[in-house]
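See below for input-v9.cif, which holds mmCIF, C-alpha atoms.
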```cif
data_structure
#
loop_
_atom_site.label_atom_id
_atom_site.label_comp_id
_atom_site.auth_asym_id
_atom_site.auth_seq_id
_atom_site.Cartn_x
_atom_site.Cartn_y
_atom_site.Cartn_z
CA LEU L 1 -18.51 -10.12 -35.87
CA ALA L 2 -21.21 -8.18 -37.72
CA ILE L 3 -23.25 -7.81 -34.52
CA ALA L 4 -20.17 -6.65 -32.59
CA PHE L 5 -19.41 -4.07 -35.30
CA ILE L 6 -22.97 -2.73 -35.23
CA LEU L 7 -22.94 -2.47 -31.44
CA SER L 8 -19.54 -0.77 -31.36
CA SER L 9 -20.64 1.69 -34.06
CA ALA L 10 -23.80 2.73 -32.25
CA PRO L 11 -23.63 6.20 -30.64
CA THR L 12 -23.29 6.25 -26.87
CA HIS L 13 -25.60 8.84 -25.32
CA ALA L 14 -24.75 8.27 -21.68
CA GLN L 15 -22.17 6.50 -19.58
CA ILE L 16 -23.85 3.42 -18.14
CA THR L 17 -20.95 2.08 -16.04
CA PRO L 18 -18.45 3.90 -13.82
CA GLN L 19 -14.98 4.60 -15.19
CA PRO L 20 -12.24 2.46 -13.57
CA SER L 21 -10.26 5.68 -13.08
CA SER L 22 -12.40 8.56 -11.83
CA SER L 23 -11.94 12.00 -13.37
CA GLN L 24 -11.25 15.21 -11.49
CA SER L 25 -11.01 18.88 -12.44
CA ILE L 26 -9.60 21.46 -10.01
CA THR L 27 -9.48 25.23 -10.41
CA GLN L 28 -7.08 27.04 -8.09
CA GLY L 29 -6.84 30.80 -7.75
CA PHE L 30 -3.24 31.98 -8.02
CA GLY L 31 -1.90 35.52 -8.21
CA LEU L 32 -4.41 37.47 -10.27
CA GLY L 33 -5.51 34.43 -12.28
CA THR L 34 -6.35 30.74 -12.05
CA ILE L 35 -4.82 27.34 -12.69
CA THR L 36 -7.10 24.54 -13.92
CA LEU L 37 -6.02 20.91 -13.71
CA THR L 38 -7.97 18.06 -15.35
CA TYR L 39 -6.95 14.41 -15.04
CA SER L 40 -8.07 10.83 -14.34
CA ARG L 41 -7.19 9.07 -11.07
CA PRO L 42 -6.10 5.42 -11.27
CA ASN L 43 -5.85 3.18 -8.18
CA THR L 44 -2.96 0.93 -7.21
CA LYS L 45 -5.23 -2.13 -6.68
CA GLY L 46 -2.41 -3.93 -4.90
CA ARG L 47 0.01 -3.41 -7.77
CA THR L 48 3.54 -2.06 -7.71
CA ILE L 49 3.21 1.11 -9.78
CA PHE L 50 6.46 2.96 -10.39
CA GLY L 51 9.11 0.82 -11.99
CA THR L 52 6.54 -1.85 -12.96
CA VAL L 53 3.08 -0.73 -14.13
CA GLU L 54 4.57 2.67 -14.98
CA PRO L 55 8.17 1.88 -16.02
CA PHE L 56 11.05 4.11 -15.05
CA ASP L 57 12.50 6.32 -17.80
CA LYS L 58 9.35 6.18 -19.94
CA VAL L 59 6.92 9.03 -20.65
CA TRP L 60 3.74 8.75 -18.55
CA ARG L 61 0.45 10.60 -19.03
CA THR L 62 0.50 11.49 -15.28
CA GLY L 63 -2.86 9.84 -14.77
CA ALA L 64 -5.14 7.57 -16.79
CA ASN L 65 -7.19 7.87 -19.99
CA TRP L 66 -6.54 11.30 -21.57
CA ALA L 67 -3.23 12.94 -20.75
CA THR L 68 -3.41 15.29 -17.78
CA VAL L 69 -4.11 18.89 -18.85
CA ILE L 70 -3.01 22.01 -16.96
CA LYS L 71 -4.20 25.49 -17.95
CA PHE L 72 -2.76 28.81 -16.73
CA SER L 73 -4.78 32.00 -17.20
CA ASP L 74 -1.66 34.13 -16.50
CA ASP L 75 2.08 33.73 -16.90
CA ILE L 76 3.73 31.82 -14.04
CA THR L 77 6.96 30.02 -13.19
CA LEU L 78 7.43 26.31 -12.46
CA GLU L 79 10.64 25.52 -10.57
CA GLY L 80 11.91 28.92 -11.72
CA ASN L 81 11.09 28.31 -15.41
CA LYS L 82 8.86 30.90 -17.10
CA VAL L 83 5.61 29.49 -18.49
CA PRO L 84 3.28 31.71 -20.59
CA ALA L 85 -0.47 31.60 -20.05
CA GLY L 86 -1.99 28.72 -21.99
CA GLU L 87 -3.05 25.08 -21.92
CA TYR L 88 -0.55 22.22 -21.82
CA ALA L 89 -0.44 18.44 -21.46
CA LEU L 90 1.37 17.50 -18.25
CA PHE L 91 3.59 14.47 -18.80
CA THR L 92 6.20 13.01 -16.47
CA ILE L 93 9.05 10.54 -16.76
CA PRO L 94 9.33 8.66 -13.44
CA GLY L 95 12.77 7.71 -12.21
CA GLU L 96 14.16 6.02 -9.11
CA THR L 97 15.96 9.15 -7.88
CA GLU L 98 14.74 11.88 -10.25
CA TRP L 99 11.64 12.62 -12.31
CA THR L 100 11.34 14.71 -15.47
CA VAL L 101 8.29 16.98 -15.63
CA ILE L 102 7.12 17.93 -19.12
CA LEU L 103 4.76 20.61 -20.44
CA ASN L 104 3.71 19.66 -23.95
CA LYS L 105 2.05 22.14 -26.30
CA LYS L 106 -0.37 19.51 -27.65
CA ALA L 107 -2.84 19.60 -24.75
CA LYS L 108 -5.44 17.06 -25.94
CA GLN L 109 -3.87 13.59 -26.25
CA TRP L 110 -5.10 10.10 -25.40
CA GLY L 111 -2.47 8.72 -23.05
CA ALA L 112 1.10 9.17 -24.25
CA TYR L 113 0.67 7.10 -27.41
CA THR L 114 1.03 10.07 -29.79
CA TYR L 115 3.39 12.04 -27.54
CA ASN L 116 6.06 13.86 -29.53
CA GLN L 117 9.04 15.42 -27.78
CA ALA L 118 9.21 18.02 -30.57
CA ASP L 119 5.98 19.50 -29.14
CA ASP L 120 7.48 20.00 -25.66
CA PHE L 121 7.47 23.53 -24.35
CA LEU L 122 9.40 22.79 -21.16
CA ARG L 123 11.22 20.01 -19.32
CA PHE L 124 12.67 20.18 -15.80
CA LYS L 125 13.81 17.78 -13.08
CA VAL L 126 12.25 17.14 -9.66
CA LYS L 127 13.38 14.71 -6.97
CA PRO L 128 10.70 12.35 -5.56
CA VAL L 129 10.14 11.72 -1.85
CA LYS L 130 9.17 8.36 -0.36
CA LEU L 131 5.86 8.41 1.55
CA GLN L 132 5.46 6.76 4.94
CA GLN L 133 1.82 5.91 4.24
CA PRO L 134 0.82 4.61 0.78
CA VAL L 135 -1.73 6.51 -1.32
CA GLU L 136 -4.23 4.25 -3.10
CA THR L 137 -5.69 6.78 -5.58
CA LEU L 138 -3.48 9.12 -7.61
CA ALA L 139 -3.84 12.67 -6.26
CA LEU L 140 -2.73 15.94 -7.82
CA GLN L 141 -3.38 18.83 -5.46
CA PHE L 142 -2.40 22.42 -4.71
CA GLU L 143 -0.85 23.14 -1.32
CA ASN L 144 0.82 26.01 0.57
CA MET L 145 -0.86 28.59 -1.64
CA TYR L 146 0.12 32.26 -1.16
CA PRO L 147 -0.43 35.32 -3.40
CA THR L 148 2.75 34.72 -5.42
CA THR L 149 3.96 31.22 -4.47
CA GLY L 150 2.45 27.77 -4.23
CA GLU L 151 3.04 24.08 -4.76
CA LEU L 152 1.56 21.37 -6.97
CA HIS L 153 1.83 17.95 -5.33
CA LEU L 154 1.64 14.53 -6.95
CA LEU L 155 0.92 11.64 -4.56
CA TRP L 156 0.57 8.01 -5.53
CA GLU L 157 1.57 4.65 -4.11
CA ASN L 158 4.72 5.38 -2.04
CA THR L 159 5.87 8.45 -4.00
CA ALA L 160 5.38 12.20 -3.58
CA LEU L 161 6.46 14.91 -5.97
CA THR L 162 6.43 18.68 -5.34
CA ILE L 163 6.51 21.31 -8.10
CA HIS L 164 7.11 24.87 -6.88
CA MET L 165 5.10 27.61 -8.57
CA GLY L 166 5.55 31.37 -8.63
CA CYS L 167 4.12 34.48 -10.26
CA ASP L 168 5.16 38.13 -10.52
CA ILE L 169 2.08 40.31 -10.12
CA ASP L 170 3.54 43.45 -8.53
CA ALA L 171 3.61 45.60 -11.66
CA LYS L 172 0.01 44.69 -12.53
CA VAL L 173 -1.23 45.31 -8.96
CA MET L 174 0.53 48.68 -8.71
CA ALA L 175 -0.92 49.74 -12.07
CA ARG L 176 -4.41 48.74 -10.91
CA ILE L 177 -4.00 50.65 -7.65
CA ASP L 178 -2.78 53.77 -9.50
CA SER L 179 -5.69 53.57 -11.93
CA ALA L 180 -8.28 52.99 -9.19
CA MET L 181 -6.97 55.91 -7.15
CA LYS L 182 -8.03 58.22 -10.00
CA THR L 183 -11.68 57.21 -9.59
CA ASP L 184 -14.31 58.32 -7.09
CA LYS L 185 -14.09 54.99 -5.24
CA LYS L 186 -10.50 54.92 -4.09
CA PRO L 187 -9.44 51.48 -2.72
CA TYR L 188 -7.56 52.83 0.32
CA TYR L 189 -7.96 49.70 2.45
CA ASP L 190 -6.90 47.18 -0.22
CA ALA L 191 -4.00 49.42 -1.27
CA VAL L 192 -2.73 49.86 2.30
CA ILE L 193 -2.87 46.10 2.95
CA TYR L 194 -0.95 45.39 -0.27
CA TYR L 195 1.66 48.03 0.55
CA TRP L 196 2.04 46.71 4.11
CA ASN L 197 2.34 43.04 3.07
CA ASN L 198 4.94 43.89 0.43
CA ASN L 199 7.07 46.33 2.49
CA LYS L 200 6.26 49.33 0.31
CA ASP L 201 6.53 52.94 1.44
#
```
Is it possible to express this structure as structure tokens?
Amino acid sequence: LAIAFILSSAPTHAQITPQPSSSQSITQGFGLGTITLTYSRPNTKGRTIFGTVEPFDKVWRTGANWATVIKFSDDITLEGNKVPAGEYALFTIPGETEWTVILNKKAKQWGAYTYNQADDFLRFKVKPVKLQQPVETLALQFENMYPTTGELHLLWENTALTIHMGCDIDAKVMARIDSAMKTDKKPYYDAVIYYWNNNKD
């Protein structure tokens, strides 16, 4: 026991074995800012995940190891709900016909062991879709990205989840164009393209 204590107390300077669940960090440009997503990616390993390994109606870290963290550099909307710029833990509650998506203000948490609903900033519902082809490794990815709309997808085992994102950047863009037009280097091309794409006179 003494030897085990000494070994466990010794500082670890480098990871000498691979993590069972690999980590991933993604930064996606969106609107005039960025979204950064950091999480760990477990594998199914032949297991039944949702409803068994990850029980229905119980808070899940949406990954492995540390709770998944999502950071917005600008204000956005998720499924129509306004979310201020900031860093949040992304939890979910899987269900057979409906999932609850949670943004929690306590971003740094190991798993969901210290999760406290009182720290939630936002909860909303999303309906899952059954996949035709199973996904072995949990994947969170950004798809269908446009200047003011996009989607965050969760894919694992036989389940897919889509969270719709939006941002309102028009006032900021118009202010930047107006300010730039007062300088010697007027952004005619960029301004015309923005006006054209947004049906402005």
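Going from atom CA of L:Met181 over to atom CA of L:Gln28, you cover 28.9 Å.
Atom pair atom CA of L:Thr149 / atom CA of L:Val126: separated by 17.1 Å.
The space separating atom CA of L:Gly31 from atom CA of L:Val173 comes to 9.8 Å.
Using only C-alpha atoms, the smallest distance between any of L:Thr38, L:Gln117, L:Thr183, L:Gln133 and L:Ala67 comes from L:Thr38.
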Please provide as a ChimeraX atom specification all residues within 6 Å of stretch 80-88 of chain L, with the sequence filter that same-chain residues fewer than 3 positions apart are discarded (counting only C-alpha atoms). /L:69-77,103-105,107
Store the residues picked out above in a file with C-alpha atoms, as a PDB file, in the frame of the given file.
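Saved the output as result02.pdb:
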```
ATOM      1  CA  VAL L  69      -4.110  18.890 -18.850  1.00  0.00           C
ATOM      2  CA  ILE L  70      -3.010  22.010 -16.960  1.00  0.00           C
ATOM      3  CA  LYS L  71      -4.200  25.490 -17.950  1.00  0.00           C
ATOM      4  CA  PHE L  72      -2.760  28.810 -16.730  1.00  0.00           C
ATOM      5  CA  SER L  73      -4.780  32.000 -17.200  1.00  0.00           C
ATOM      6  CA  ASP L  74      -1.660  34.130 -16.500  1.00  0.00           C
ATOM      7  CA  ASP L  75       2.080  33.730 -16.900  1.00  0.00           C
ATOM      8  CA  ILE L  76       3.730  31.820 -14.040  1.00  0.00           C
ATOM      9  CA  THR L  77       6.960  30.020 -13.190  1.00  0.00           C
ATOM     10  CA  LEU L 103       4.760  20.610 -20.440  1.00  0.00           C
ATOM     11  CA  ASN L 104       3.710  19.660 -23.950  1.00  0.00           C
ATOM     12  CA  LYS L 105       2.050  22.140 -26.300  1.00  0.00           C
ATOM     13  CA  ALA L 107      -2.840  19.600 -24.750  1.00  0.00           C
TER      14      ALA L 107
END
```
Residue IDs satisfying the PyMOL selection byres ((chain L and resi 16-27) around 7), as a PyMOL selection string: chain L and resi 14-15+28-29+34-42+64
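If all atoms listed in the file are the atoms counted, then among L:Leu138, L:Leu78, L:Thr162, L:Thr97 the closest residue to L:Phe124 is L:Leu78.
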Could you tell me, as number ranges by chain, exactly which residues end up selected when the PyMOL selection byres ((chain L and resi 92) around 7) is applied to this structure? L: 59-62, 90-91, 93-94, 99-102
Which polymer residues have any atom within 9 Å of an atom of L:Gln109, counting only C-alpha atoms, with same-chain residues fewer than 2 positions away left out, as a VMD selection string? chain L and resid 61 66 to 68 89 106 to 107 111 to 115
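Among the candidate residues L:Leu122, L:Ala191, L:Leu155, L:Ile49, the one lying nearest to L:Ala175 is L:Ala191, with distances computed using all atoms listed in the file.
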Taking all listed atoms of stretch 30-36 of chain L, build the axis-aligned box, pad each of the six sides by 5 Å, then write its centre and edge lengths in Å to one decimal as AutoDock Vina command-line options.
```
--center_x -4.5 --center_y 31.0 --center_z -11.0 --size_x 15.2 --size_y 22.9 --size_z 15.9
```
Result set, the PyMOL selection byres ((chain L and resi 96) around 10) on current file, as a count of residues only: 11
Extract, using only C-alpha atoms, all DNA, RNA and protein residues at most 8 Å from L:Gln132, discarding same-chain residues fewer than 2 positions from it, and format them as a ChimeraX atom specification. /L:130,134,158
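Among the candidates L:Arg176, L:Lys200, L:Lys186, L:Lys45, the one nearest to L:Thr137 when counting all atoms listed in the file is L:Lys45.
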I'd like the contact shell of stretch 177-179 of chain L - 12 Å cut-off, all atoms listed in the file, skipping same-chain residues fewer than 2 positions apart - returned as a ChimeraX atom specification. /L:170-175,181-195
In file coordinates, which residues lie within 7 Å of (3.4, 23.7, -8.7) using all atoms listed in the file, given as a VMD selection string? chain L and resid 78 150 to 153 162 to 165
Selected residues written out with C-alpha atoms, as a compact mmCIF listing (two decimals), keeping the file's coordinate frame:
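out37.txt, freshly written:
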```
# COMPACT_ATOMS: atom_id res chain seq x y z
CA LEU L 78 7.43 26.31 -12.46
CA GLY L 150 2.45 27.77 -4.23
CA GLU L 151 3.04 24.08 -4.76
CA LEU L 152 1.56 21.37 -6.97
CA HIS L 153 1.83 17.95 -5.33
CA THR L 162 6.43 18.68 -5.34
CA ILE L 163 6.51 21.31 -8.10
CA HIS L 164 7.11 24.87 -6.88
CA MET L 165 5.10 27.61 -8.57
```
Final N, CA and C atoms of stretch 16-46 of chain L as a short mmCIF file (atom, residue, chain, number, x, y, z; two decimals), keeping the file's coordinate frame:
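Contents of the output file rebuild13.cif:
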```
data_model
loop_
_atom_site.label_atom_id
_atom_site.label_comp_id
_atom_site.auth_asym_id
_atom_site.auth_seq_id
_atom_site.Cartn_x
_atom_site.Cartn_y
_atom_site.Cartn_z
N ILE L 16 -22.98 4.31 -18.91
CA ILE L 16 -23.85 3.42 -18.14
C ILE L 16 -23.09 2.67 -17.05
N THR L 17 -21.76 2.71 -17.09
CA THR L 17 -20.95 2.08 -16.04
C THR L 17 -19.89 3.07 -15.56
N PRO L 18 -19.47 2.97 -14.31
CA PRO L 18 -18.45 3.90 -13.82
C PRO L 18 -17.10 3.65 -14.46
N GLN L 19 -16.34 4.72 -14.66
CA GLN L 19 -14.98 4.60 -15.19
C GLN L 19 -14.08 3.95 -14.14
N PRO L 20 -13.18 3.04 -14.54
CA PRO L 20 -12.24 2.46 -13.57
C PRO L 20 -11.37 3.51 -12.89
N SER L 21 -11.04 4.57 -13.64
CA SER L 21 -10.26 5.68 -13.08
C SER L 21 -11.13 6.93 -13.10
N SER L 22 -11.51 7.41 -11.91
CA SER L 22 -12.40 8.56 -11.83
C SER L 22 -11.71 9.82 -12.33
N SER L 23 -12.50 10.75 -12.86
CA SER L 23 -11.94 12.00 -13.37
C SER L 23 -12.09 13.10 -12.34
N GLN L 24 -11.19 14.07 -12.41
CA GLN L 24 -11.25 15.21 -11.49
C GLN L 24 -10.77 16.46 -12.21
N SER L 25 -11.43 17.58 -11.93
CA SER L 25 -11.01 18.88 -12.44
C SER L 25 -10.95 19.85 -11.27
N ILE L 26 -9.81 20.52 -11.12
CA ILE L 26 -9.60 21.46 -10.01
C ILE L 26 -9.25 22.82 -10.58
N THR L 27 -9.87 23.87 -10.05
CA THR L 27 -9.48 25.23 -10.41
C THR L 27 -8.98 25.93 -9.16
N GLN L 28 -7.74 26.40 -9.22
CA GLN L 28 -7.08 27.04 -8.09
C GLN L 28 -6.76 28.49 -8.43
N GLY L 29 -7.23 29.42 -7.58
CA GLY L 29 -6.84 30.80 -7.75
C GLY L 29 -5.36 30.97 -7.42
N PHE L 30 -4.66 31.77 -8.25
CA PHE L 30 -3.24 31.98 -8.02
C PHE L 30 -2.85 33.34 -8.59
N GLY L 31 -2.23 34.18 -7.76
CA GLY L 31 -1.90 35.52 -8.21
C GLY L 31 -3.16 36.29 -8.57
N LEU L 32 -3.22 36.78 -9.80
CA LEU L 32 -4.41 37.47 -10.27
C LEU L 32 -5.22 36.59 -11.23
N GLY L 33 -4.83 35.32 -11.34
CA GLY L 33 -5.51 34.43 -12.28
C GLY L 33 -5.87 33.10 -11.65
N THR L 34 -5.97 32.08 -12.50
CA THR L 34 -6.35 30.74 -12.05
C THR L 34 -5.50 29.68 -12.75
N ILE L 35 -5.42 28.52 -12.10
CA ILE L 35 -4.82 27.34 -12.69
C ILE L 35 -5.89 26.25 -12.68
N THR L 36 -6.12 25.62 -13.82
CA THR L 36 -7.10 24.54 -13.92
C THR L 36 -6.39 23.25 -14.30
N LEU L 37 -6.67 22.20 -13.54
CA LEU L 37 -6.02 20.91 -13.71
C LEU L 37 -7.10 19.85 -13.94
N THR L 38 -6.99 19.09 -15.02
CA THR L 38 -7.97 18.06 -15.35
C THR L 38 -7.24 16.74 -15.62
N TYR L 39 -7.65 15.69 -14.90
CA TYR L 39 -6.95 14.41 -15.04
C TYR L 39 -7.83 13.26 -14.55
N SER L 40 -7.39 12.03 -14.84
CA SER L 40 -8.07 10.83 -14.34
C SER L 40 -7.20 10.16 -13.29
N ARG L 41 -7.86 9.53 -12.29
CA ARG L 41 -7.19 9.07 -11.07
C ARG L 41 -7.20 7.55 -10.95
N PRO L 42 -6.17 6.87 -11.43
CA PRO L 42 -6.10 5.42 -11.27
C PRO L 42 -5.82 5.01 -9.82
N ASN L 43 -6.13 3.77 -9.50
CA ASN L 43 -5.85 3.18 -8.18
C ASN L 43 -4.71 2.17 -8.29
N THR L 44 -4.04 1.91 -7.18
CA THR L 44 -2.96 0.93 -7.21
C THR L 44 -3.51 -0.49 -7.32
N LYS L 45 -4.61 -0.79 -6.65
CA LYS L 45 -5.23 -2.13 -6.68
C LYS L 45 -4.24 -3.23 -6.33
N GLY L 46 -3.37 -2.93 -5.36
CA GLY L 46 -2.41 -3.93 -4.90
C GLY L 46 -1.20 -4.09 -5.80
#
```
